[in-house]
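Data block below; observations after.
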Amino acid sequence: MKELVVISGKGGTGKTSIVASFASLLTNKVMVDCDVDAANLHLLLSPKIEERHQFYSLPKAMINSEKCNGCGLCEDTCRFEAIKESTINPLGCEGCAVCSHICPENAIEMVDTVAGEWFKSNTTYGPLVHARLGAAQENSGKLVTMVRSQAAETAKKLGYDYIITDGPPGIGCPVIASIGGASLSLIITEPSLSGIHDLERIIDLSEFFGVPAMVCVNRWDICPENTEQIKKICRQRKIPFAGQIAYDNMVMLAAARGKPVMELNSRIIDEIIQVWEKVFEVLCPNMKV
Amino acid sequence: MITIASGKGGTGKTTVASCLAMSARQTVQFLDCDVEEPNAHIFLKPRLTREEAVSQDIPNVDRNKCSFCGQCAEICMFNALAVLADEVLTFPELCHSCGGCWTLCPEKAITTTRREIGLIKSGSAENIHFTQGELQVGTATSPPIIKAMKETIQKNSLVIIDAPPGTSCPVVETMEGSDFVLLVTEPTAMGLNDLAIALQVVRVLDIPCGVIINRGTDVYSKVETFCRENNLPVLMKIAVDRAIAEAYAMGIPAVEAKPELREDFRKVLNHIKGVTAGERTCCH
């Protein structure tokens, strides 16, 4: 099974629009939205939810006020400052359970908390596994790991060969959980100074985890000089260049209508297809699109 | 203390945060808390003159004292230790520095050592005191860096914070203690979806807030309807404009590409000052 993960470093570079477009170009694949903080792929694919599951994060501490004698040892021990006057602030609690071990009265229990939901859905483009992390909840890395393994299981069950992953922005916990063990990462960047700055960090991350990377410049014509600069970086760092896609207001319109841009009459469709063909060549060197 | 957040990445948080700071008629403390991808320096162009490492405590096992009982690995919720027959393995990148292993080891065989997880860089640009955090590549935990940055905040000064995208731990860490959260969104189904989630976080934290709609067009009016229905004031609309996108690409702030925006950003600041001075009208 081959897993393509689309990442960006910086947010808003067009990952989701590009993943949705790829979805219309390949048949036997499962899609997965790993941007669980701000899942958006479903907005372009109009999924029909078939399974809905609760996601539990690490259990959080809870103080039994009847047993507690207010000694304050837990407050002194908690390194996350999540306990004040024998009350736990659930937003601060990391679920490390140290307080429950240290409490001399056995007054602290670790309680399961629902941190979000994950779904298996069907779309006109194939199955989609996605999730929604509850507001202000933690463990997005763990939820990412969960949806990825569910996507792999679904693909296996259906005998599909590919997984296309819409990754989260950044280089922290959720991205790390999204790219480990993937076959190829496609980095979407934009030709801005901030895009270039983040590109270097996300290439480092991909290398750090040993995942081969390719780069695609979205909205390249906003600044052709910076696009050239990005191509130069790719040459220097020996990262294959997957192509460039022009700025087109149709992408915005497609997002407003909740459709992949491929379904609108956009001038960038050919460019997206060319990028896809290049990516597919690297993902599966012995096959033709 | 004003935090600029958005839920979704790429809506224009950094643009709004840097434009607000550049439009203020007073000294501003600016914190770029998007430690995974700090970008505000590209627009504010500060002279960075100080650099400080952020590190966290991780366990250091003394094999002479260790009885290999395995209790440390058992209590570690983050799988950062593994105990074999005559060896203890530690995985620093998984450690949350909760202190469980070194507090609870029955043999007192675990002490701490420091592991660097990132940097805080600071300097200034005209009337802006600038600080940014940088997470080390390959490190998962950004909240300790954000926390360290917020410890540098001076009371009674105007503080503008550029938050990371999303709505989980790093964003909560950033928003906590703010007097006002400014949510930046764009008029698309994705923008609306993420605005709704970000609003839930702000409400959990009980902080007054308002919205700036970036890349405004007339094709999608649901964001404005949502704001009206949720008593969420729209403080400014920035029209979709290729010239702003081109300036952004070159690292030129929107208020320099379009100086007339400066007055609009000042109005936003004045509104926020009014709200934080006691008229807590929004978001409730």
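The chains in the structure tokens are called A, B, ... from first to last as shown; in each chain the residues are counted from 1, and the ligands are counted from 1 in the order shown.
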Contacts of Gln54 (chain A) within 12 Å, only C-alpha atoms, excl. fewer than 5 positions in-chain, as a list in words: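 Residues meeting the cut-off are Asp112, Thr113, Val114, Ala115, Gly116, Glu117, Trp118, Phe119, Lys120, Ala131, Arg132, Leu133, Gly134, Leu143, Met146 and Val147 of chain A.
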Quick one: contact table of chain A to chain B, 7 Å max, nearest atom pair and distance in Å to one decimal per residue, counting only C-alpha atoms, chain and number order, as CSV?
```
residue,atom,partner,partner_atom,distance
A:Gly9,CA,B:Glu37,CA,6.9
A:Lys10,CA,B:Glu37,CA,6.5
A:Gly11,CA,B:Gly9,CA,3.8
A:Gly12,CA,B:Gly10,CA,3.5
A:Thr13,CA,B:Gly10,CA,6.7
A:Asp37,CA,B:Gly166,CA,5.1
A:Ala38,CA,B:Asp194,CA,5.7
A:Asn40,CA,B:Met190,CA,5.8
A:Leu43,CA,B:Ala189,CA,6.7
A:Arg79,CA,B:Cys98,CA,5.8
A:Cys96,CA,B:Met77,CA,5.6
A:Val98,CA,B:Gly100,CA,5.2
A:Ala135,CA,B:Val201,CA,5.2
A:Ala136,CA,B:Ser168,CA,4.9
A:Gln137,CA,B:Ser168,CA,5.4
A:Glu138,CA,B:Cys169,CA,5.5
A:Gly170,CA,B:Glu36,CA,5.3
A:Ile171,CA,B:Glu36,CA,5.5
A:Gly172,CA,B:Ala140,CA,4.6
A:Cys173,CA,B:Ala140,CA,4.2
A:Pro191,CA,B:Ala249,CA,6.2
A:Ser192,CA,B:Ala249,CA,3.5
A:Leu193,CA,B:Ala249,CA,5.8
A:Ser194,CA,B:Asn39,CA,5.6
A:Asp198,CA,B:Glu37,CA,6.0
A:Arg201,CA,B:Val137,CA,6.9
A:Leu205,CA,B:Val137,CA,6.0
A:Phe208,CA,B:Gly138,CA,6.8
A:Ile222,CA,B:Glu246,CA,5.4
A:Cys223,CA,B:Ala249,CA,6.4
A:Ala255,CA,B:Thr188,CA,5.9
A:Ala256,CA,B:Thr188,CA,4.6
A:Gly258,CA,B:Ala189,CA,6.6
```
Nearest-residue call for Gly126 (chain A), choices A:Ile179, A:Leu158, A:Leu199, A:Ala61, using only C-alpha atoms: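 Result for the nearest residue to Gly126 (chain A): A:Leu158.
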CA of Ser57 (chain A) to CA of Met149 (chain B), straight-line distance in Å: 27.1 Å
Within 9 Å of Asp161 (chain A) using only C-alpha atoms, minus same-chain residues under 6 positions, as a PyMOL selection string: chain A and resi 1-3+28-30+155
Restrict the selected residues to N, CA, C and O atoms and save them as a compact mmCIF listing (two decimals), in the first residue's frame.
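Result saved to selection-v2.txt:
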```txt
# COMPACT_ATOMS: atom_id res chain seq x y z
N MET A 1 0.83 -1.20 0.00
CA MET A 1 0.00 0.00 0.00
C MET A 1 0.88 1.26 0.00
O MET A 1 1.89 1.31 0.65
N LYS A 2 0.46 2.26 -0.78
CA LYS A 2 1.24 3.50 -0.86
C LYS A 2 0.45 4.63 -0.20
O LYS A 2 -0.74 4.78 -0.45
N GLU A 3 1.15 5.37 0.63
CA GLU A 3 0.48 6.48 1.30
C GLU A 3 1.13 7.81 0.93
O GLU A 3 2.30 8.04 1.21
N ASN A 28 -8.81 3.76 -6.83
CA ASN A 28 -8.79 2.83 -5.68
C ASN A 28 -7.98 3.35 -4.50
O ASN A 28 -6.92 2.84 -4.18
N LYS A 29 -8.51 4.37 -3.87
CA LYS A 29 -7.81 4.96 -2.72
C LYS A 29 -8.78 5.33 -1.61
O LYS A 29 -9.98 5.50 -1.83
N VAL A 30 -8.21 5.43 -0.39
CA VAL A 30 -8.96 5.95 0.74
C VAL A 30 -8.37 7.31 1.07
O VAL A 30 -7.15 7.49 1.00
N ALA A 155 -8.59 0.65 3.67
CA ALA A 155 -7.99 0.39 2.36
C ALA A 155 -7.71 -1.11 2.21
O ALA A 155 -7.95 -1.70 1.15
```
Contact residues around Ile238 (chain B) with only C-alpha atoms at 7 Å, ignoring same-chain residues under 6 positions, as a list of chain:residue names: B:Ile213, B:Asn214, B:Arg215, B:Gly216
Of the listed residues A:Ile230, A:Leu184, A:Val211, A:Met262, that which approaches His197 (chain A) most closely, counting only C-alpha atoms: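 Smallest distance to His197 (chain A) is found for A:Ile230.
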Residue set, region 32-210 of chain A restricted to strand (DSSP E), as a VMD selection string: chain A and resid 32 to 33 48 to 56 60 to 63 83 to 84 87 to 88 108 to 111 114 to 123 126 to 133 162 to 166 184 to 189
Residue set, region 44-282 of chain B restricted to alpha helix (DSSP H), as a ChimeraX atom specification: /B:44,71-75,100-104,143-150,169-175,189-205,222-229,242-249,254-257,261-276
Selection: 12 Å around Leu283 (chain A), only C-alpha atoms, excl. self and same-chain fewer than 3 positions, as number ranges by chain: A: 1-5, 161-164, 182-186, 211-214, 240, 242, 276-280, 286-289
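For Phe265 (chain B), the list of residues within 10 Å, based on only C-alpha atoms and with local chain neighbours fewer than 5 positions off taken out, reads Val16, Ala17, Cys19, Leu20, Ala21, Met22, Ser23, Ala24, Leu235, Met236, Val255, Glu260, Asn270 and His271 of chain B.
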Pairwise distance for CA of Val211 (chain B) and CA of Asn139 (chain A), rounded to one decimal in Å: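 One can read the CA of Val211 (chain B) to CA of Asn139 (chain A) distance as 27.4 Å.
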